>>> print(open('data11.tsv').read())   # TSV, C-alpha atoms
chain	number	residue	atom	x	y	z
C	1002	MET	CA	-10.62	67.01	61.35
C	1003	VAL	CA	-11.45	69.26	58.38
C	1004	PHE	CA	-10.64	66.63	55.72
C	1005	VAL	CA	-10.78	62.83	55.82
C	1006	LYS	CA	-7.37	61.16	55.79
C	1007	SER	CA	-6.53	58.62	53.13
C	1008	PRO	CA	-4.96	55.30	54.19
C	1009	ASN	CA	-1.29	55.61	55.26
C	1010	ALA	CA	-1.47	59.40	55.68
C	1011	ASP	CA	0.00	59.24	59.19
C	1012	LEU	CA	2.28	56.26	58.65
C	1013	ALA	CA	4.04	57.98	55.73
C	1014	SER	CA	5.27	60.74	58.01
C	1015	GLU	CA	6.31	58.39	60.81
C	1016	VAL	CA	8.84	56.44	58.71
C	1017	ARG	CA	10.67	59.55	57.50
C	1018	GLU	CA	13.89	60.92	59.03
C	1019	PHE	CA	15.35	64.43	59.10
C	1020	LYS	CA	18.25	63.38	56.89
C	1021	THR	CA	19.29	63.83	53.27
C	1022	VAL	CA	20.90	61.40	50.85
C	1023	ASP	CA	21.21	63.64	47.79
C	1024	ILE	CA	20.98	61.46	44.68
C	1025	VAL	CA	20.36	64.23	42.14
C	1026	LYS	CA	23.27	64.85	39.79
C	1027	ARG	CA	23.52	68.59	39.08
C	1028	LEU	CA	23.68	69.29	35.36
C	1029	GLY	CA	23.69	73.07	35.27
C	1030	VAL	CA	21.83	76.25	36.01
C	1031	LEU	CA	20.01	78.89	33.97
C	1032	SER	CA	20.66	82.48	35.04
C	1033	PRO	CA	18.38	85.46	34.29
C	1034	GLU	CA	21.39	87.09	32.60
C	1035	HIS	CA	21.26	84.35	29.96
C	1036	VAL	CA	17.57	84.79	29.10
C	1037	HIS	CA	16.36	87.37	26.58
C	1038	LEU	CA	12.67	88.26	26.42
C	1039	LYS	CA	11.33	88.53	22.87
C	1040	ASN	CA	7.87	89.99	23.58
C	1041	TYR	CA	8.48	92.43	26.42
C	1042	PRO	CA	10.16	95.87	26.47
C	1043	ILE	CA	12.64	94.83	29.19
C	1044	PRO	CA	15.30	92.62	27.59
C	1045	ARG	CA	15.98	90.34	30.58
C	1046	PRO	CA	14.04	89.24	33.65
C	1047	VAL	CA	15.36	90.13	37.09
C	1048	SER	CA	15.02	86.50	38.18
C	1049	ILE	CA	13.91	83.18	36.66
C	1050	PHE	CA	13.02	80.17	38.82
C	1051	ASN	CA	10.42	77.49	39.79
C	1052	ALA	CA	10.23	76.04	36.30
C	1053	SER	CA	8.32	73.09	34.89
C	1054	CYS	CA	9.11	71.27	31.65
C	1055	LEU	CA	8.10	69.04	28.79
C	1056	VAL	CA	10.49	67.08	26.55
C	1057	ASP	CA	9.85	66.49	22.86
C	1058	GLN	CA	11.61	63.17	22.31
C	1059	ASN	CA	11.50	63.52	18.51
C	1060	SER	CA	13.15	66.94	18.29
C	1061	ARG	CA	15.04	66.50	21.59
C	1062	VAL	CA	13.88	69.93	22.72
C	1063	LEU	CA	13.18	70.87	26.33
C	1064	TYR	CA	10.22	73.22	26.73
C	1065	LEU	CA	10.99	75.11	29.94
C	1066	TYR	CA	8.10	77.03	31.54
C	1067	SER	CA	9.61	79.33	34.13
C	1068	ARG	CA	8.34	81.82	36.65
C	1069	ILE	CA	9.95	85.21	35.99
C	1070	ILE	CA	10.07	88.53	37.82
C	1071	VAL	CA	10.70	91.75	35.87
C	1072	GLY	CA	10.59	94.10	38.87
C	1073	TYR	CA	10.65	93.83	42.65
C	1074	TYR	CA	8.12	96.55	43.54
C	1075	MET	CA	5.13	94.17	43.89
C	1076	TYR	CA	7.02	90.99	42.98
C	1077	VAL	CA	4.46	90.18	40.28
C	1078	SER	CA	5.28	87.04	38.30
C	1079	ALA	CA	4.68	85.92	34.73
C	1080	ILE	CA	5.51	82.59	33.08
C	1081	ALA	CA	7.98	82.48	30.19
C	1082	LEU	CA	8.74	79.69	27.74
C	1083	VAL	CA	12.39	78.95	26.98
C	1084	GLU	CA	13.11	76.32	24.32
C	1085	ILE	CA	16.43	74.60	24.98
C	1086	PRO	CA	18.10	71.76	23.08
C	1087	LEU	CA	17.99	68.80	25.46
C	1088	GLU	CA	21.65	68.08	24.79
C	1089	ASP	CA	22.54	71.53	26.15
C	1090	VAL	CA	21.05	70.49	29.48
C	1091	LEU	CA	22.48	66.97	29.60
C	1092	SER	CA	25.98	68.20	28.68
C	1093	GLY	CA	25.97	71.20	31.02
C	1094	VAL	CA	26.28	73.74	28.21
C	1095	VAL	CA	23.05	75.32	29.46
C	1096	SER	CA	24.99	77.10	32.22
C	1097	PHE	CA	26.97	79.15	29.70
C	1098	SER	CA	24.53	79.59	26.80
C	1099	HIS	CA	22.00	82.32	26.02
C	1100	TYR	CA	18.37	81.64	25.06
C	1101	PRO	CA	15.39	83.65	23.81
C	1102	ALA	CA	12.22	83.49	25.90
C	1103	THR	CA	8.56	84.34	25.32
C	1104	ILE	CA	6.09	85.32	28.02
C	1105	VAL	CA	3.17	82.91	27.54
C	1106	VAL	CA	1.06	83.38	30.70
C	1107	TYR	CA	0.72	86.62	32.64
C	1108	PRO	CA	-1.75	88.38	34.97
C	1109	SER	CA	-5.05	89.06	33.22
C	1110	THR	CA	-7.98	87.98	35.44
C	1111	ARG	CA	-9.21	88.44	39.01
C	1112	TYR	CA	-7.75	85.01	39.77
C	1113	ASP	CA	-4.16	85.96	38.89
C	1114	ILE	CA	-3.99	89.76	38.67
C	1115	TRP	CA	-1.10	89.96	41.19
C	1116	GLY	CA	0.95	87.17	39.67
C	1117	THR	CA	1.10	83.84	37.86
C	1118	GLU	CA	3.42	81.63	39.90
C	1119	ASP	CA	5.07	78.20	40.03
C	1120	PRO	CA	3.71	76.45	36.92
C	1121	ARG	CA	3.39	72.69	36.61
C	1122	VAL	CA	3.06	71.54	33.00
C	1123	GLN	CA	1.95	68.09	31.90
C	1124	GLU	CA	0.07	66.25	29.19
C	1125	VAL	CA	-3.46	65.26	30.17
C	1126	SER	CA	-5.96	63.71	27.73
C	1127	GLY	CA	-3.78	64.67	24.79
C	1128	LYS	CA	-3.59	68.31	25.86
C	1129	VAL	CA	-0.74	70.34	27.29
C	1130	CYS	CA	-2.04	71.58	30.65
C	1131	MET	CA	-0.45	74.18	32.86
C	1132	ILE	CA	-1.65	74.56	36.44
C	1133	TYR	CA	-0.19	77.50	38.33
C	1134	ALA	CA	-0.75	79.49	41.51
C	1135	GLY	CA	-2.69	82.64	40.75
C	1136	ARG	CA	-2.35	85.57	43.12
C	1137	THR	CA	-5.96	86.71	43.22
C	1138	ILE	CA	-7.49	90.16	43.58
C	1139	ASN	CA	-7.45	89.54	47.36
C	1140	TYR	CA	-3.70	88.99	47.59
C	1141	PHE	CA	-2.70	92.41	48.94
C	1142	ASN	CA	-6.05	93.31	50.51
C	1143	PRO	CA	-5.42	93.61	54.29
C	1144	VAL	CA	-9.14	93.29	55.02
C	1145	VAL	CA	-9.80	90.09	53.03
C	1146	ARG	CA	-7.68	87.15	54.20
C	1147	ARG	CA	-9.42	84.70	51.93
C	1148	GLU	CA	-8.47	82.89	48.70
C	1149	ARG	CA	-5.33	84.94	48.25
C	1150	THR	CA	-4.00	82.32	45.84
C	1151	LEU	CA	-5.90	79.72	43.84
C	1152	PRO	CA	-4.84	77.05	41.33
C	1153	VAL	CA	-5.57	78.19	37.77
C	1154	ILE	CA	-5.50	75.92	34.72
C	1155	ALA	CA	-4.45	76.95	31.22
C	1156	VAL	CA	-4.51	74.64	28.19
C	1157	SER	CA	-2.45	74.63	25.00
C	1158	THR	CA	-2.55	72.72	21.74
C	1159	ASP	CA	0.95	73.68	20.56
C	1160	ASN	CA	3.09	74.07	23.72
C	1161	ARG	CA	3.30	77.82	23.16
C	1162	ARG	CA	-0.14	79.51	23.32
C	1163	PHE	CA	-2.24	78.96	26.41
C	1164	ALA	CA	-5.91	79.65	27.13
C	1165	LYS	CA	-6.95	80.00	30.78
C	1166	THR	CA	-9.92	77.71	31.44
C	1167	GLY	CA	-10.62	77.29	35.14
C	1168	ALA	CA	-9.88	78.23	38.74
C	1169	ILE	CA	-10.07	75.50	41.39
C	1170	VAL	CA	-12.00	76.28	44.57
C	1171	LEU	CA	-13.02	74.28	47.64
C	1172	LYS	CA	-16.65	73.49	48.33
C	1173	ARG	CA	-18.96	75.98	50.00
C	1174	GLY	CA	-18.28	76.22	53.71
C	1175	LEU	CA	-14.56	75.63	53.22
C	1176	ARG	CA	-14.07	78.38	50.62
C	1177	GLU	CA	-14.74	80.94	53.32
C	1178	LEU	CA	-11.95	79.38	55.43
C	1179	THR	CA	-9.36	79.17	52.64
C	1180	ILE	CA	-6.42	81.55	52.94
C	1181	SER	CA	-4.65	80.13	49.91
C	1182	ASP	CA	-4.41	77.04	47.73
C	1183	LYS	CA	-1.30	76.27	45.69
C	1184	ASP	CA	1.35	73.64	44.79
C	1185	ALA	CA	-1.17	71.93	42.51
C	1186	VAL	CA	-0.69	69.23	39.87
C	1187	LEU	CA	-3.13	67.03	37.94
C	1188	LEU	CA	-3.41	63.24	37.98
C	1189	ASP	CA	-5.51	61.48	35.36
C	1190	VAL	CA	-6.44	57.95	36.49
C	1191	GLY	CA	-8.72	57.35	33.49
C	1192	GLU	CA	-12.10	58.05	35.06
C	1193	PRO	CA	-14.44	59.40	32.35
C	1194	GLU	CA	-15.96	62.36	34.23
C	1195	TRP	CA	-13.26	63.64	36.58
C	1196	ILE	CA	-9.53	63.92	37.22
C	1197	TYR	CA	-7.58	64.30	40.43
C	1198	VAL	CA	-6.06	67.59	41.44
C	1199	LEU	CA	-3.27	67.28	44.00
C	1200	HIS	CA	-3.13	70.58	45.89
C	1201	ARG	CA	-2.16	72.24	49.17
C	1202	PRO	CA	-5.03	74.20	50.81
C	1203	HIS	CA	-4.04	76.53	53.65
C	1204	LEU	CA	-7.03	77.18	55.94
C	1205	MET	CA	-7.82	79.68	58.69
C	1206	ASN	CA	-6.71	77.14	61.31
C	1207	GLU	CA	-3.18	77.78	59.92
C	1208	VAL	CA	-2.80	74.18	58.74
C	1209	HIS	CA	-1.44	73.37	55.28
C	1210	TYR	CA	-3.02	70.15	53.94
C	1211	LEU	CA	-1.27	67.94	51.39
C	1212	ALA	CA	-4.52	66.91	49.73
C	1213	ALA	CA	-6.06	65.22	46.70
C	1214	SER	CA	-9.49	66.14	45.32
C	1215	LYS	CA	-11.61	65.32	42.32
C	1216	VAL	CA	-12.55	67.95	39.75
C	1217	SER	CA	-14.65	67.80	36.60
C	1218	ARG	CA	-12.71	66.83	33.48
C	1219	SER	CA	-14.42	69.71	31.67
C	1220	ILE	CA	-11.95	72.06	33.36
C	1221	LEU	CA	-9.67	71.18	30.44
C	1222	ASP	CA	-12.15	72.49	27.84
C	1223	GLN	CA	-11.27	75.83	26.32
C	1224	ARG	CA	-13.76	78.62	26.87
C	1225	GLY	CA	-13.87	82.38	26.61
C	1226	SER	CA	-13.26	83.07	30.28
C	1227	VAL	CA	-12.00	81.50	33.50
C	1228	THR	CA	-14.72	79.41	35.18
C	1229	GLU	CA	-14.71	78.34	38.83
C	1230	PHE	CA	-14.65	74.58	39.40
C	1231	GLU	CA	-15.51	73.22	42.84
C	1232	VAL	CA	-13.58	70.16	43.96
C	1233	VAL	CA	-15.15	67.20	45.74
C	1234	ASP	CA	-14.00	64.25	47.86
C	1235	THR	CA	-10.96	66.04	49.28
C	1236	LYS	CA	-8.66	63.80	51.33
C	1237	VAL	CA	-5.35	64.36	53.12
C	1238	ILE	CA	-2.73	62.17	51.43
C	1239	MET	CA	0.16	62.71	53.85
C	1240	GLU	CA	0.92	64.60	57.05
C	1241	PRO	CA	4.17	66.53	57.61
C	1242	ALA	CA	6.80	64.71	59.65
C	1243	ARG	CA	7.50	65.90	63.19
C	1244	PHE	CA	10.46	67.99	61.94
C	1245	GLU	CA	8.46	69.76	59.18
C	1246	TYR	CA	6.34	72.86	59.08
C	1247	LYS	CA	4.50	71.94	55.86
C	1248	LEU	CA	4.58	69.85	52.69
C	1249	GLY	CA	3.75	70.70	49.08
C	1250	TRP	CA	3.30	68.79	45.84
C	1251	ALA	CA	6.38	69.43	43.72
C	1252	THR	CA	6.22	67.74	40.31
C	1253	PRO	CA	3.54	66.23	38.08
C	1254	PRO	CA	3.20	62.46	38.66
C	1255	VAL	CA	5.12	60.02	36.47
C	1256	GLU	CA	3.22	56.77	35.81
C	1257	LEU	CA	5.60	53.86	36.34
C	1258	ARG	CA	3.07	51.05	36.03
C	1259	GLN	CA	-0.69	50.87	35.82
C	1260	ASN	CA	-2.23	52.98	38.62
C	1261	GLU	CA	1.13	53.63	40.33
C	1262	TYR	CA	2.72	57.06	40.15
C	1263	LEU	CA	6.02	58.58	41.23
C	1264	VAL	CA	5.86	62.16	42.50
C	1265	LEU	CA	8.29	64.54	44.19
C	1266	ILE	CA	7.14	66.40	47.31
C	1267	HIS	CA	8.89	69.31	48.97
C	1268	GLY	CA	9.14	69.69	52.72
C	1269	VAL	CA	9.82	72.82	54.77
C	1270	ASP	CA	11.70	72.12	57.98
C	1271	ARG	CA	10.88	73.75	61.32
C	1272	GLU	CA	14.46	74.67	62.17
C	1273	MET	CA	15.26	77.16	59.39
C	1274	GLU	CA	12.33	76.75	56.97
C	1275	GLY	CA	14.57	75.41	54.22
C	1276	TYR	CA	13.12	73.61	51.22
C	1277	ARG	CA	14.15	70.04	50.40
C	1278	ALA	CA	12.49	67.29	48.33
C	1279	PHE	CA	11.69	63.61	48.74
C	1280	ALA	CA	9.87	61.05	46.56
C	1281	ALA	CA	6.62	59.17	47.10
C	1282	MET	CA	4.72	56.45	45.28
C	1283	LEU	CA	0.97	56.92	44.92
C	1284	ARG	CA	-1.47	54.14	44.08
C	1285	TYR	CA	-5.03	54.45	42.80
C	1286	ASP	CA	-7.70	51.82	43.41
C	1287	LYS	CA	-11.24	52.38	42.28
C	1288	ASP	CA	-12.69	51.26	45.62
C	1289	ILE	CA	-10.12	52.94	47.90
C	1290	GLY	CA	-9.15	55.98	45.88
C	1291	LEU	CA	-5.68	57.54	45.99
C	1292	ARG	CA	-3.13	56.79	48.71
C	1293	VAL	CA	0.62	56.83	49.30
C	1294	VAL	CA	2.19	53.35	49.40
C	1295	SER	CA	5.86	54.24	49.85
C	1296	VAL	CA	8.13	57.20	50.54
C	1297	THR	CA	11.88	57.70	50.51
C	1298	PRO	CA	12.82	57.56	54.22
C	1299	TYR	CA	14.79	60.79	53.82
C	1300	TYR	CA	15.16	63.72	51.48
C	1301	ILE	CA	16.81	63.04	48.12
C	1302	LEU	CA	17.48	66.66	47.13
C	1303	GLU	CA	18.61	69.56	49.30
C	1304	PRO	CA	20.42	72.86	48.71
C	1305	LYS	CA	24.18	72.40	48.40
C	1306	MET	CA	25.38	74.44	45.41
C	1307	VAL	CA	26.04	78.13	46.00
C	1308	TYR	CA	23.18	79.07	43.64
C	1309	GLU	CA	20.81	76.92	45.74
C	1310	LEU	CA	22.01	78.35	49.04
C	1311	TYR	CA	22.07	82.03	48.11
C	1312	GLY	CA	19.51	84.07	46.18
C	1313	ASP	CA	16.26	85.93	46.79
C	1314	ARG	CA	15.15	83.10	49.13
C	1315	PRO	CA	18.19	81.28	50.58
C	1316	PHE	CA	18.34	77.51	51.10
C	1317	VAL	CA	15.69	76.50	48.57
C	1318	VAL	CA	15.39	73.74	45.99
C	1319	PHE	CA	11.85	73.79	44.63
C	1320	PRO	CA	11.16	71.18	41.91
C	1321	CYS	CA	8.22	71.91	39.61
C	1322	GLY	CA	9.02	69.72	36.61
C	1323	VAL	CA	10.17	66.20	35.81
C	1324	ALA	CA	10.56	64.34	32.52
C	1325	ARG	CA	11.95	61.03	31.29
C	1326	VAL	CA	15.03	61.54	29.14
C	1327	ASN	CA	15.58	57.81	28.64
C	1328	LYS	CA	14.29	54.56	30.09
C	1329	ASN	CA	16.12	54.83	33.39
C	1330	GLU	CA	16.74	58.53	33.98
C	1331	LEU	CA	14.52	61.38	35.06
C	1332	LEU	CA	15.35	65.02	34.48
C	1333	THR	CA	14.09	67.37	37.16
C	1334	VAL	CA	13.99	71.15	36.87
C	1335	TYR	CA	13.72	73.22	40.00
C	1336	GLY	CA	13.85	76.70	41.42
C	1337	ALA	CA	17.19	77.44	43.08
C	1338	ALA	CA	17.03	80.04	45.87
C	1339	ASP	CA	14.13	81.78	44.07
C	1340	PHE	CA	16.54	83.24	41.52
C	1341	PHE	CA	17.78	80.54	39.12
C	1342	VAL	CA	16.53	77.42	37.34
C	1343	GLY	CA	18.50	74.31	38.26
C	1344	PHE	CA	18.69	71.08	36.27
C	1345	GLY	CA	19.30	67.68	37.83
C	1346	LEU	CA	19.33	64.03	36.79
C	1347	MET	CA	17.98	61.13	38.85
C	1348	ASN	CA	18.58	57.44	38.29
C	1349	LEU	CA	15.16	55.80	38.40
C	1350	ASP	CA	16.46	52.51	39.83
C	1351	GLU	CA	18.09	54.44	42.67
C	1352	VAL	CA	14.84	56.27	43.46
C	1353	LEU	CA	12.87	53.01	43.41
C	1354	SER	CA	15.43	51.36	45.69
C	1355	LEU	CA	14.95	54.13	48.26
C	1356	LEU	CA	11.18	53.86	47.92
C	1357	ASP	CA	11.43	50.14	48.73
C	1358	LYS	CA	13.04	51.08	52.04
C	1359	GLY	CA	10.04	53.26	52.87
C	1360	ARG	CA	7.32	50.86	51.74
C	1361	LEU	CA	4.13	51.25	53.76
C	1362	GLU	CA	2.24	48.17	52.57
>>> encode(input="data11.tsv", output="structure tokens")
Amino acid sequence: MVFVKSPNADLASEVREFKTVDIVKRLGVLSPEHVHLKNYPIPRPVSIFNASCLVDQNSRVLYLYSRIIVGYYMYVSAIALVEIPLEDVLSGVVSFSHYPATIVVYPSTRYDIWGTEDPRVQEVSGKVCMIYAGRTINYFNPVVRRERTLPVIAVSTDNRRFAKTGAIVLKRGLRELTISDKDAVLLDVGEPEWIYVLHRPHLMNEVHYLAASKVSRSILDQRGSVTEFEVVDTKVIMEPARFEYKLGWATPPVELRQNEYLVLIHGVDREMEGYRAFAAMLRYDKDIGLRVVSVTPYYILEPKMVYELYGDRPFVVFPCGVARVNKNELLTVYGAADFFVGFGLMNLDEVLSLLDKGRLE
């Protein structure tokens, strides 16, 4: 075993079924035709998808951080910010409205020169942190099948301008075996020197590990260049179910009570490699560390709308963002078929009820 398993890692996969009870109310969809780039010579992106979000409860504005493609030749991604009135999303007007967008993160270092993909945005230690998959200098190199993608962190103080601070790497000995590492989010449990990074290393043994590691909190400090940060204490949090090819962390964790966190996870099935999502509850104990304590026994979001079934990558819902819009509702934003941004609403009590059915301890 390459990594140590956390408690319940196997049990969490055993209680899950290849079934979907879709509880996400579709609110609308953002099309690339409705997005207008302000700081790029091409007026509209070719596609916009895999978005994360923050909600300003005072101004009721949704900050949408979306992966965009402006050309298909090398499929190189940037990340654009679209500011949308929250009411446009909740009322469904977003599907028919037009919005300006600004590219805020784009390829500029050896860690992301071939693309900045799939951002997850969250507030950590009073800072707005974006962690995205960087396509490294090795991405298209046929000779070097190593570290083709790595998690890269960028930090902002105003939601709009981001400084890249760090790239996350595995420890020596495993770095040489890493094909890629992506689907990363941060989890701050309040330890003074480190934070958790939830990530998905893919190693030379062709296994994708749904893992959690510790990384120095100084990765959030702004500096003049991207610095490599080696993670420690990597553990497998959950194994794929028998019907799945791989799992990936989907959304940043939402703290529901002290040291308990709700997170969405996407699963890729073995039959047609479609993307669906389910929910899990994570618990942190100082002595035990991080572990999963409950899962929804089945998927709670799967492709069903035509814009989720048909696009550049058919049969995909790929959540990257979640935000509370009131006490009992969670807004999720997700990539739809690798071409659109979808918006959905989940009732928190309904999610918790399903998690009770999949309680592991």
>>> closest_residue(input="data11.tsv", among="C:Asp1350, C:Glu1229, C:Glu1240, C:Asp1189", to="Leu1291 (chain C)", atoms="all atoms listed in the file")
C:Asp1189
>>> residues_around(input="data11.tsv", residues="Ile1104 (chain C)", least_positions_apart="6", cutoff="7 Å", atoms="all atoms listed in the file", output="list in words")
Asn1040, Ala1079, Ile1080, Ala1081 and Leu1082 of chain C
>>> closest_atom_pairs(input="data11.tsv", of="region 1243-1291 of chain C", to="region 1116-1135 of chain C", cutoff="10 Å", atoms="all atoms listed in the file", output="Markdown table")
| residue | atom | partner | partner_atom | distance |
| --- | --- | --- | --- | --- |
| C:Ala1251 | CA | C:Arg1121 | CA | 8.4 |
| C:Thr1252 | CA | C:Arg1121 | CA | 6.8 |
| C:Pro1253 | CA | C:Arg1121 | CA | 6.6 |
| C:Pro1254 | CA | C:Gln1123 | CA | 8.9 |
| C:Val1255 | CA | C:Gln1123 | CA | 9.8 |
>>> closest_residue(input="data11.tsv", among="C:Pro1101, C:Gly1249, C:Pro1086, C:Pro1046", to="Tyr1073 (chain C)", atoms="only C-alpha atoms")
C:Pro1046
>>> residues_near_point(input="data11.tsv", point="(23.8, 76.0, 40.1)", cutoff="7 Å", atoms="all atoms listed in the file", output="PyMOL selection string")
chain C and resi 1029-1030+1306-1309+1343
>>> atom_distance(input="data11.tsv", atom1="CA of Lys1026 (chain C)", atom2="CA of Pro1304 (chain C)")
12.3 Å
>>> atom_distance(input="data11.tsv", atom1="CA of Lys1006 (chain C)", atom2="CA of Leu1221 (chain C)")
27.4 Å
>>> closest_residue(input="data11.tsv", among="C:Ala1338, C:Gly1191, C:Ser1060, C:Ser1014", to="Leu1248 (chain C)", atoms="all atoms listed in the file")
C:Ser1014
>>> axis_aligned_box(input="data11.tsv", around="region 1177-1182 of chain C", padding_each_side="6 Å", output="lines of an AutoDock Vina configuration file")
center_x = -9.6
center_y = 79.3
center_z = 51.6
size_x = 22.3
size_y = 16.5
size_z = 19.7
>>> closest_residue(input="data11.tsv", among="C:Arg1243, C:Glu1256, C:Arg1277, C:Ile1196", to="Ser1219 (chain C)", atoms="only C-alpha atoms")
C:Ile1196
>>> closest_residue(input="data11.tsv", among="C:Tyr1262, C:Glu1231, C:Val1216, C:Val1105", to="Asp1159 (chain C)", atoms="all atoms listed in the file")
C:Val1105
>>> closest_residue(input="data11.tsv", among="C:Leu1283, C:Leu1310, C:Leu1188, C:Leu1038", to="Val1071 (chain C)", atoms="only C-alpha atoms")
C:Leu1038
>>> atom_distance(input="data11.tsv", atom1="CA of Ala1164 (chain C)", atom2="CA of Tyr1210 (chain C)")
28.6 Å
>>> residues_near_point(input="data11.tsv", point="(8.4, 66.9, 26.8)", cutoff="9 Å", atoms="all atoms listed in the file", output="PDB file with C-alpha atoms, in the frame of the given file")
ATOM      1  CA  CYS C1054       9.110  71.270  31.650  1.00  0.00           C
ATOM      2  CA  LEU C1055       8.100  69.040  28.790  1.00  0.00           C
ATOM      3  CA  VAL C1056      10.490  67.080  26.550  1.00  0.00           C
ATOM      4  CA  ASP C1057       9.850  66.490  22.860  1.00  0.00           C
ATOM      5  CA  GLN C1058      11.610  63.170  22.310  1.00  0.00           C
ATOM      6  CA  ARG C1061      15.040  66.500  21.590  1.00  0.00           C
ATOM      7  CA  VAL C1062      13.880  69.930  22.720  1.00  0.00           C
ATOM      8  CA  LEU C1063      13.180  70.870  26.330  1.00  0.00           C
ATOM      9  CA  TYR C1064      10.220  73.220  26.730  1.00  0.00           C
ATOM     10  CA  GLN C1123       1.950  68.090  31.900  1.00  0.00           C
ATOM     11  CA  GLU C1124       0.070  66.250  29.190  1.00  0.00           C
ATOM     12  CA  ALA C1324      10.560  64.340  32.520  1.00  0.00           C
ATOM     13  CA  ARG C1325      11.950  61.030  31.290  1.00  0.00           C
ATOM     14  CA  VAL C1326      15.030  61.540  29.140  1.00  0.00           C
TER      15      VAL C1326
END
>>> decode(input="data11.tsv", residues="region 1212-1223 of chain C", atoms="N, CA and C atoms", output="compact mmCIF listing (two decimals), in the first residue's frame")
# COMPACT_ATOMS: atom_id res chain seq x y z
N ALA C 1212 -7.19 11.42 -1.38
CA ALA C 1212 -6.27 11.53 -0.25
C ALA C 1212 -6.43 12.87 0.47
N ALA C 1213 -5.89 12.90 1.68
CA ALA C 1213 -5.75 14.13 2.47
C ALA C 1213 -4.33 14.19 3.00
N SER C 1214 -3.71 15.36 2.86
CA SER C 1214 -2.34 15.57 3.34
C SER C 1214 -2.28 16.86 4.13
N LYS C 1215 -1.16 17.04 4.82
CA LYS C 1215 -0.92 18.30 5.52
C LYS C 1215 0.12 19.11 4.75
N VAL C 1216 -0.08 20.42 4.73
CA VAL C 1216 0.87 21.31 4.07
C VAL C 1216 1.06 22.54 4.94
N SER C 1217 2.21 23.13 4.86
CA SER C 1217 2.52 24.32 5.67
C SER C 1217 1.55 25.46 5.39
N ARG C 1218 1.09 26.10 6.45
CA ARG C 1218 0.17 27.23 6.32
C ARG C 1218 0.81 28.40 5.56
N SER C 1219 2.12 28.43 5.52
CA SER C 1219 2.81 29.52 4.82
C SER C 1219 2.59 29.48 3.31
N ILE C 1220 1.95 28.44 2.80
CA ILE C 1220 1.64 28.40 1.38
C ILE C 1220 0.66 29.51 1.00
N LEU C 1221 -0.01 30.07 2.00
CA LEU C 1221 -0.97 31.15 1.76
C LEU C 1221 -0.31 32.52 1.72
N ASP C 1222 0.98 32.60 2.08
CA ASP C 1222 1.67 33.89 2.13
C ASP C 1222 2.08 34.31 0.73
N GLN C 1223 1.80 35.56 0.39
CA GLN C 1223 2.16 36.06 -0.92
C GLN C 1223 3.67 36.24 -1.02
